[in-house]
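Enquirer: Have a look at the structure that comes next, please.
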Amino acid sequence: MSERRKLRSTAWFGGEGKNAFMHRSWMKNQGIPDDAFDGRPVIGICNTWSELTPCNAHLRALADHVKRGVYEAGGLPVEFPVTSLGESNMRPTAMLFRNLASMDVEESIRGNPIDGVVLMVGCDKTTPSLLMGAASCNLPTIAVSGGPMLNGKFRGQDIGSGTHVWKFAEDVKAGRMKVEDFLAAEQGQSRSAGSCMTMGTASTMASMVEALGIGMPDNAAIPAVDSRRGVLAQLAGRQIVDLVLRDVTMSQILTRQAFENAIRVNGAIGGSTNAVLHLIAIARRVGVDLSLDDWDRLGRDVPTIVDLMPSGRFLMEDFYYAGGLAAVMASLDGAGFLHRDAMTVSGKTIGELVDGAPNYNPEVIRPLDRPLTREGGISVLRGNLAPDGAVIKPSAATPALMQHRGRAVVFENIEHYYARVDDPELDIDASSVMVLKNCGPRGYPGMAEVGNMPLPAKLLKQGVSDMVRISDARMSGTAYGTVVLHVAPEAAAGGALALVRDGDLIDLDVAGRRLELLVSEEELAARRRDWRPPAPPEGGYQSLYVERVLQADQGCDFDFLVGRRDAGIPRHSH
Ligand code: FES
């Protein structure tokens, strides 16, 4: 060990002075022997385990597998907790705290004797918050996802996390399902450890981890309770030690090529719109200037071939047994969609990893010439209603509504929506365009997942199943519909969305990438003179958030966290 290059942790644990005594002595109260501080790699296991983040509640046990691997490879593992964001519980929305959690992660890594990091992630925001924080430190890093729950089961059918909540709730509202039956589905939906087993945000981000090369092969899909998830974690533990010894840092993996691969994979899996925000934010932390236009340009020709809810029929267990993400990437590679040379934490390139990956079930992972949606990806819309962009996920939308002109029915905020949507007197029909304001990053604050606002009960009862909906909000990755999201600038920042009134005509043209409010410039200028920004929050974290958060097209990061900031974190000790 003594001939080895001195690692960062040696600045704490090396030498014979008072400081080294202190750093080692206190650690030894955990029963760590003397030779563990001989200059071997110290691997931080950054854990989002929490019983309030049920999707990550198994991550302490999974971290034990990582530790085995670290020990086997001659490293010293040290597990530490960071802020855990549970999507199902946190109010007002977990997204409000993504940047805060990323700061916790960054400072925990910066301030501690760590040479490399394994990020234990799962539930939606835990993946981007840890990747963002770690990216700002740029140490050797591997992300290990907790894996999806087993398929939901209810009365003989597979039910998907979230997706069936939306569907069943609509059925109850339309009088097609009894409340007792609705409640009986709860336990069947969530019957094992793990994250949502639809292709929602958690599964999307686990797929992004694998596609970016910052996770181990098969990271996307192995179920949480499958023993192979433990094997993956153990191999990650071995591998992170190797990355430290070879000094392979995050920015060497998270290159522009890696992000371009990930965007294409997102199109092929029909991934969550939330990935747009998160990938832009992560990329900008490592100095890759990813933009909305990259999303549109790269995703445009990629068909959605993974037939998973919410866009399709199957669930993550099926996806894993069908061959998982490697099979999808092999298809993309065959069509020339991938940068094969992008390096991964496994030590192999993406091309080497996906070569010959088998597809065991072409119903779940369809061939490219029989896709679920020919134009997958995320379409980026612009126009006077969204000068800085808005997004729509075509694979979750109704084809007949992708080109649509309709009368706006406006909800000033989410409370106004709830108060108004089921009013029998509301002047709305299937051709109307539902517009929701003040749910963006600053307006909510935190950018609520309410963009897929449920349709009015009276229209559901008539059999209407989809309508055009437009907002500055986000949408749960488990949801579906012809839903235009992330309008930028948002209403609370004075975007044109703030000026829309009931009865205005709106033009949506997804093929032409247009979103227009058909109101004259003079009239809009007059309305703007009457517009007043919402009152800012009274102190606390929310006021910092509202003051410093960037708009959706820039990934909703804090302005002061963007860009490479790892210069003050030397990886070697002299
Ligand atoms: Fe945690 Fe869906 S609520 S992954």
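Residues in the structure tokens are named by chain (A, B, ... in the order shown) and by number from 1 within that chain; ligands are numbered from 1 in the order shown.
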Pick out the residues no farther than 8 Å from ligand 1, counting only C-alpha atoms and all ligand atoms, and list them as a ChimeraX atom specification.
Expert: /A:53-56,86-88,122-124,148,161-162,194-197,200-203
Enquirer: Give me every alpha helix (DSSP H) residue in region 152-230 of chain A, going by DSSP on the backbone, as a ChimeraX atom specification.
Expert: /A:163-173,179-189,201-212,227-230
Enquirer: Would you list the contacts of region 41-45 of chain A as a PyMOL selection string, taking every protein, DNA or RNA residue within 8 Å and counting only C-alpha atoms, but skipping same-chain residues closer than 3 positions in sequence?
Expert: chain A and resi 7+9+63+70+74-80+109+113-120+240-241+244-245
Enquirer: Do you know which residues are at most 12 Å from Val82 (chain A) counting only C-alpha atoms, after dropping those on the same chain fewer than 5 positions away, and could you put them as a ChimeraX atom specification?
Expert: /A:44-50,98,100-109,119-121,126,129-130,133-134
Enquirer: Would you list the contacts of Ile506 (chain A) as a short mmCIF file (atom, residue, chain, number, x, y, z; two decimals) with C-alpha atoms, in the first residue's frame, taking every protein, DNA or RNA residue within 12 Å and counting only C-alpha atoms, but skipping same-chain residues closer than 2 positions in sequence?
Expert:
data_model
loop_
_atom_site.label_atom_id
_atom_site.label_comp_id
_atom_site.auth_asym_id
_atom_site.auth_seq_id
_atom_site.Cartn_x
_atom_site.Cartn_y
_atom_site.Cartn_z
CA GLY A 383 -44.14 30.30 -29.66
CA ASN A 384 -45.49 33.42 -28.01
CA LEU A 385 -46.94 31.32 -25.18
CA ALA A 386 -43.57 29.68 -24.44
CA GLN A 403 -52.59 19.42 -33.65
CA HIS A 404 -55.38 21.30 -31.98
CA ARG A 405 -56.95 24.74 -31.68
CA GLY A 406 -59.17 25.34 -28.69
CA ARG A 407 -60.65 27.84 -26.30
CA ALA A 408 -58.74 28.37 -23.07
CA VAL A 409 -60.32 27.54 -19.75
CA VAL A 410 -57.99 29.15 -17.24
CA SER A 431 -62.26 20.76 -27.39
CA SER A 432 -61.31 23.28 -24.71
CA VAL A 433 -57.69 23.79 -23.69
CA MET A 434 -57.18 23.63 -19.92
CA VAL A 435 -54.59 26.20 -18.80
CA VAL A 468 -55.09 19.43 -24.25
CA ARG A 469 -53.67 20.75 -21.00
CA ILE A 470 -51.01 23.47 -20.71
CA LEU A 497 -48.88 32.18 -19.61
CA VAL A 500 -54.05 33.96 -20.82
CA ARG A 501 -57.77 34.51 -20.14
CA ASP A 502 -60.85 32.34 -20.49
CA GLY A 503 -61.97 32.12 -24.09
CA ASP A 504 -58.59 32.96 -25.70
CA LEU A 508 -50.96 23.54 -30.44
CA ASP A 509 -48.97 22.04 -33.30
CA ARG A 514 -45.48 25.52 -32.05
CA LEU A 515 -47.51 26.76 -29.12
CA GLU A 516 -49.29 30.04 -29.82
CA LEU A 517 -51.72 32.24 -27.96
CA LEU A 518 -53.91 33.82 -30.63
CA VAL A 519 -54.22 37.22 -28.97
#
Enquirer: Closest to Thr141 (chain A) among A:Leu368, A:Leu62, A:Ile159, A:Val248, using only C-alpha atoms?
Expert: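 Ranking A:Leu368, A:Leu62, A:Ile159, A:Val248 by distance to Thr141 (chain A), first place goes to A:Val248.
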Enquirer: Please determine, counting only C-alpha atoms, which residue among A:Ala430, A:Ala448, A:Ala268, A:Ala61 has the shortest atom-to-atom distance to Arg366 (chain A).
Expert: A:Ala268
Enquirer: Could you tell me which of A:Met149, A:Ala184, A:Val484, A:Ile414 comes closest to Pro445 (chain A) if we count only C-alpha atoms?
Expert: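 Using only C-alpha atoms, Pro445 (chain A) sits closest to A:Ile414.
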Enquirer: What are the DSSP strand (DSSP E or B) residues of region 292-363 of chain A, as a ChimeraX atom specification?
Expert: /A:304,306,308,314,343,349
Enquirer: Can you tell me, as a list in words, what residues are no more than 10 Å from region 418-425 of chain A when counting only C-alpha atoms, ignoring any on the same chain fewer than 6 positions away?
Expert: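 Contacts, with the query itself left out: Val409, Val410, Phe411, Met434, Met453, Pro454, Leu455, Pro456, Ala457, Lys458 and Leu459 of chain A.
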Enquirer: Nearest residue to Ala330 (chain A) out of A:Ala390, A:Ile365, A:Leu298, A:Leu485, using only C-alpha atoms?
Expert: A:Ile365
Enquirer: Ranking A:Arg571, A:Arg155, A:Arg110, A:Arg548 by minimum distance to Gln187 (chain A) and counting only C-alpha atoms, which one comes first?
Expert: A:Arg155
Enquirer: Would you mind listing, for every residue of region 201-293 of chain A within 12 Å of region 319-322 of chain A, the two atoms forming the shortest contact and the distance between them in Å to one decimal, using only C-alpha atoms, sorted by chain and ascending residue number, as a tab-separated table?
Expert:
residue	atom	partner	partner_atom	distance
A:Ser203	CA	A:Phe319	CA	10.7
A:Ser207	CA	A:Phe319	CA	11.4
A:Pro217	CA	A:Tyr320	CA	11.9
A:Asp218	CA	A:Tyr320	CA	8.2
A:Asn219	CA	A:Tyr320	CA	9.9
A:Ala220	CA	A:Tyr320	CA	8.3
A:Ala221	CA	A:Tyr320	CA	5.1
A:Ile222	CA	A:Tyr320	CA	5.8
A:Pro223	CA	A:Tyr320	CA	7.6
A:Ala224	CA	A:Tyr320	CA	11.3
A:Asp226	CA	A:Tyr320	CA	10.5
A:Arg228	CA	A:Tyr320	CA	11.1
A:Arg229	CA	A:Tyr320	CA	11.4
A:Ile269	CA	A:Phe319	CA	10.1
Enquirer: Dump N, CA, C and O atoms for the selected residues as a PDB file, in the first residue's frame?
Expert:
ATOM      1  N   SER A 203     -37.861   4.980 -12.544  1.00  0.00           N
ATOM      2  CA  SER A 203     -37.326   4.019 -13.518  1.00  0.00           C
ATOM      3  C   SER A 203     -36.607   4.743 -14.653  1.00  0.00           C
ATOM      4  O   SER A 203     -35.600   4.251 -15.177  1.00  0.00           O
ATOM      5  N   SER A 207     -32.699   4.330 -15.512  1.00  0.00           N
ATOM      6  CA  SER A 207     -32.271   4.047 -16.890  1.00  0.00           C
ATOM      7  C   SER A 207     -31.251   5.084 -17.353  1.00  0.00           C
ATOM      8  O   SER A 207     -30.293   4.755 -18.072  1.00  0.00           O
ATOM      9  N   PRO A 217     -23.851  -2.153 -15.351  1.00  0.00           N
ATOM     10  CA  PRO A 217     -24.772  -2.786 -16.298  1.00  0.00           C
ATOM     11  C   PRO A 217     -25.980  -3.365 -15.568  1.00  0.00           C
ATOM     12  O   PRO A 217     -25.849  -3.912 -14.476  1.00  0.00           O
ATOM     13  N   ASP A 218     -27.156  -3.232 -16.190  1.00  0.00           N
ATOM     14  CA  ASP A 218     -28.433  -3.722 -15.633  1.00  0.00           C
ATOM     15  C   ASP A 218     -28.967  -2.888 -14.489  1.00  0.00           C
ATOM     16  O   ASP A 218     -29.934  -3.269 -13.820  1.00  0.00           O
ATOM     17  N   ASN A 219     -28.362  -1.718 -14.259  1.00  0.00           N
ATOM     18  CA  ASN A 219     -28.841  -0.883 -13.155  1.00  0.00           C
ATOM     19  C   ASN A 219     -30.313  -0.502 -13.303  1.00  0.00           C
ATOM     20  O   ASN A 219     -31.027  -0.361 -12.311  1.00  0.00           O
ATOM     21  N   ALA A 220     -30.757  -0.332 -14.541  1.00  0.00           N
ATOM     22  CA  ALA A 220     -32.104   0.217 -14.752  1.00  0.00           C
ATOM     23  C   ALA A 220     -33.198  -0.671 -14.194  1.00  0.00           C
ATOM     24  O   ALA A 220     -34.160  -0.168 -13.611  1.00  0.00           O
ATOM     25  N   ALA A 221     -33.080  -1.987 -14.376  1.00  0.00           N
ATOM     26  CA  ALA A 221     -34.305  -2.785 -14.298  1.00  0.00           C
ATOM     27  C   ALA A 221     -34.324  -3.928 -13.293  1.00  0.00           C
ATOM     28  O   ALA A 221     -35.403  -4.441 -13.004  1.00  0.00           O
ATOM     29  N   ILE A 222     -33.194  -4.376 -12.766  1.00  0.00           N
ATOM     30  CA  ILE A 222     -33.260  -5.522 -11.842  1.00  0.00           C
ATOM     31  C   ILE A 222     -34.203  -5.161 -10.695  1.00  0.00           C
ATOM     32  O   ILE A 222     -34.013  -4.133 -10.037  1.00  0.00           O
ATOM     33  N   PRO A 223     -35.232  -5.978 -10.439  1.00  0.00           N
ATOM     34  CA  PRO A 223     -36.137  -5.650  -9.335  1.00  0.00           C
ATOM     35  C   PRO A 223     -35.383  -5.506  -8.014  1.00  0.00           C
ATOM     36  O   PRO A 223     -34.362  -6.170  -7.785  1.00  0.00           O
ATOM     37  N   ALA A 224     -35.932  -4.664  -7.148  1.00  0.00           N
ATOM     38  CA  ALA A 224     -35.272  -4.385  -5.863  1.00  0.00           C
ATOM     39  C   ALA A 224     -35.032  -5.651  -5.065  1.00  0.00           C
ATOM     40  O   ALA A 224     -34.013  -5.775  -4.382  1.00  0.00           O
ATOM     41  N   ASP A 226     -34.760  -8.793  -6.215  1.00  0.00           N
ATOM     42  CA  ASP A 226     -34.063  -9.853  -6.955  1.00  0.00           C
ATOM     43  C   ASP A 226     -32.624  -9.908  -6.439  1.00  0.00           C
ATOM     44  O   ASP A 226     -31.962  -8.864  -6.313  1.00  0.00           O
ATOM     45  N   ARG A 228     -30.063 -10.500  -7.773  1.00  0.00           N
ATOM     46  CA  ARG A 228     -29.081  -9.926  -8.692  1.00  0.00           C
ATOM     47  C   ARG A 228     -28.857  -8.434  -8.442  1.00  0.00           C
ATOM     48  O   ARG A 228     -27.842  -7.877  -8.829  1.00  0.00           O
ATOM     49  N   ARG A 229     -29.800  -7.770  -7.765  1.00  0.00           N
ATOM     50  CA  ARG A 229     -29.583  -6.371  -7.371  1.00  0.00           C
ATOM     51  C   ARG A 229     -28.454  -6.298  -6.338  1.00  0.00           C
ATOM     52  O   ARG A 229     -27.625  -5.384  -6.352  1.00  0.00           O
ATOM     53  N   ILE A 269     -37.269   4.556 -24.363  1.00  0.00           N
ATOM     54  CA  ILE A 269     -38.010   3.953 -23.241  1.00  0.00           C
ATOM     55  C   ILE A 269     -39.310   4.693 -22.966  1.00  0.00           C
ATOM     56  O   ILE A 269     -40.085   4.277 -22.112  1.00  0.00           O
TER      57      ILE A 269
END
Enquirer: Which region 319-356 of chain A residues have any atom within 10 Å of an atom of region 254-261 of chain A, and for each, what is the nearest pair of atoms with distance in Å to one decimal, counting only C-alpha atoms, rows sorted by chain and number, as JSON lines?
Expert:
{"residue": "A:Met329", "atom": "CA", "partner": "A:Asn261", "partner_atom": "CA", "distance": 9.0}
{"residue": "A:Leu332", "atom": "CA", "partner": "A:Asn261", "partner_atom": "CA", "distance": 9.4}
{"residue": "A:Asp333", "atom": "CA", "partner": "A:Asn261", "partner_atom": "CA", "distance": 9.8}
{"residue": "A:Phe337", "atom": "CA", "partner": "A:Asn261", "partner_atom": "CA", "distance": 7.6}
{"residue": "A:Leu338", "atom": "CA", "partner": "A:Asn261", "partner_atom": "CA", "distance": 5.5}
{"residue": "A:His339", "atom": "CA", "partner": "A:Gln257", "partner_atom": "CA", "distance": 6.2}
{"residue": "A:Arg340", "atom": "CA", "partner": "A:Asn261", "partner_atom": "CA", "distance": 8.9}
{"residue": "A:Asp341", "atom": "CA", "partner": "A:Gln257", "partner_atom": "CA", "distance": 8.4}
{"residue": "A:Ala342", "atom": "CA", "partner": "A:Ala258", "partner_atom": "CA", "distance": 5.9}
{"residue": "A:Met343", "atom": "CA", "partner": "A:Ala258", "partner_atom": "CA", "distance": 8.0}
{"residue": "A:Thr344", "atom": "CA", "partner": "A:Leu254", "partner_atom": "CA", "distance": 8.8}
{"residue": "A:Ile350", "atom": "CA", "partner": "A:Ala258", "partner_atom": "CA", "distance": 9.0}
Enquirer: If you measure from CA of Asp466 (chain A) to CA of Ala397 (chain A), what distance in Å do you get, rounded to one decimal?
Expert: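 Separation of CA of Asp466 (chain A) and CA of Ala397 (chain A): 8.2 Å.
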Enquirer: Need the shell around Phe168 (chain A): protein/DNA/RNA residues with any atom at most 12 Å away, counting only C-alpha atoms. Skip same-chain ones fewer than 3 positions apart. Format as a VMD selection string?
Expert: chain A and resid 154 159 to 165 171 to 186 189 454
Enquirer: Any chance you can output those residues with N, CA and C atoms as a short mmCIF file (atom, residue, chain, number, x, y, z; two decimals), in the first residue's frame?
Expert:
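Dumped everything to again33.cif:
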data_model
loop_
_atom_site.label_atom_id
_atom_site.label_comp_id
_atom_site.auth_asym_id
_atom_site.auth_seq_id
_atom_site.Cartn_x
_atom_site.Cartn_y
_atom_site.Cartn_z
N PHE A 154 -53.53 -6.87 -8.74
CA PHE A 154 -54.83 -6.61 -8.13
C PHE A 154 -55.92 -7.34 -8.91
N ILE A 159 -51.06 -4.07 -12.07
CA ILE A 159 -51.32 -2.63 -11.95
C ILE A 159 -50.01 -1.90 -11.71
N GLY A 160 -49.92 -0.73 -12.28
CA GLY A 160 -48.67 0.02 -12.25
C GLY A 160 -48.71 1.16 -11.26
N SER A 161 -47.58 1.36 -10.54
CA SER A 161 -47.49 2.45 -9.56
C SER A 161 -47.88 3.76 -10.23
N GLY A 162 -48.75 4.47 -9.59
CA GLY A 162 -49.12 5.79 -10.10
C GLY A 162 -50.09 5.69 -11.25
N THR A 163 -49.69 5.04 -12.33
CA THR A 163 -50.53 5.00 -13.53
C THR A 163 -51.95 4.52 -13.20
N HIS A 164 -52.05 3.47 -12.38
CA HIS A 164 -53.39 2.99 -12.05
C HIS A 164 -54.07 3.84 -11.00
N VAL A 165 -53.29 4.58 -10.21
CA VAL A 165 -53.94 5.52 -9.30
C VAL A 165 -54.69 6.56 -10.12
N ASP A 171 -61.83 6.56 -12.83
CA ASP A 171 -62.96 5.62 -12.88
C ASP A 171 -63.94 5.90 -11.74
N VAL A 172 -63.40 6.20 -10.55
CA VAL A 172 -64.27 6.52 -9.41
C VAL A 172 -65.05 7.80 -9.72
N LYS A 173 -64.33 8.81 -10.25
CA LYS A 173 -64.95 10.10 -10.54
C LYS A 173 -66.05 9.95 -11.60
N ALA A 174 -65.81 9.03 -12.54
CA ALA A 174 -66.79 8.83 -13.62
C ALA A 174 -67.87 7.82 -13.23
N GLY A 175 -67.79 7.27 -12.00
CA GLY A 175 -68.81 6.32 -11.55
C GLY A 175 -68.61 4.91 -12.07
N ARG A 176 -67.41 4.60 -12.56
CA ARG A 176 -67.16 3.25 -13.11
C ARG A 176 -66.54 2.31 -12.07
N MET A 177 -66.12 2.86 -10.93
CA MET A 177 -65.45 2.03 -9.91
C MET A 177 -65.94 2.45 -8.53
N LYS A 178 -66.14 1.45 -7.66
CA LYS A 178 -66.58 1.76 -6.30
C LYS A 178 -65.37 2.19 -5.46
N VAL A 179 -65.62 3.07 -4.48
CA VAL A 179 -64.53 3.55 -3.63
C VAL A 179 -63.89 2.38 -2.87
N GLU A 180 -64.69 1.40 -2.42
CA GLU A 180 -64.13 0.24 -1.69
C GLU A 180 -63.14 -0.51 -2.57
N ASP A 181 -63.46 -0.65 -3.84
CA ASP A 181 -62.54 -1.36 -4.75
C ASP A 181 -61.26 -0.55 -4.96
N PHE A 182 -61.45 0.74 -5.06
CA PHE A 182 -60.31 1.65 -5.23
C PHE A 182 -59.34 1.47 -4.05
N LEU A 183 -59.88 1.49 -2.84
CA LEU A 183 -59.02 1.38 -1.65
C LEU A 183 -58.40 -0.01 -1.54
N ALA A 184 -59.10 -1.01 -2.04
CA ALA A 184 -58.58 -2.38 -1.95
C ALA A 184 -57.34 -2.57 -2.83
N ALA A 185 -57.13 -1.68 -3.77
CA ALA A 185 -55.98 -1.82 -4.68
C ALA A 185 -54.67 -1.35 -4.04
N GLU A 186 -54.74 -0.66 -2.91
CA GLU A 186 -53.53 -0.03 -2.34
C GLU A 186 -52.40 -1.02 -2.08
N GLN A 189 -50.81 -2.68 -5.15
CA GLN A 189 -49.95 -1.84 -5.99
C GLN A 189 -48.50 -1.86 -5.48
N PRO A 454 -56.53 16.36 -13.70
CA PRO A 454 -57.65 15.50 -14.08
C PRO A 454 -58.76 16.29 -14.77
#
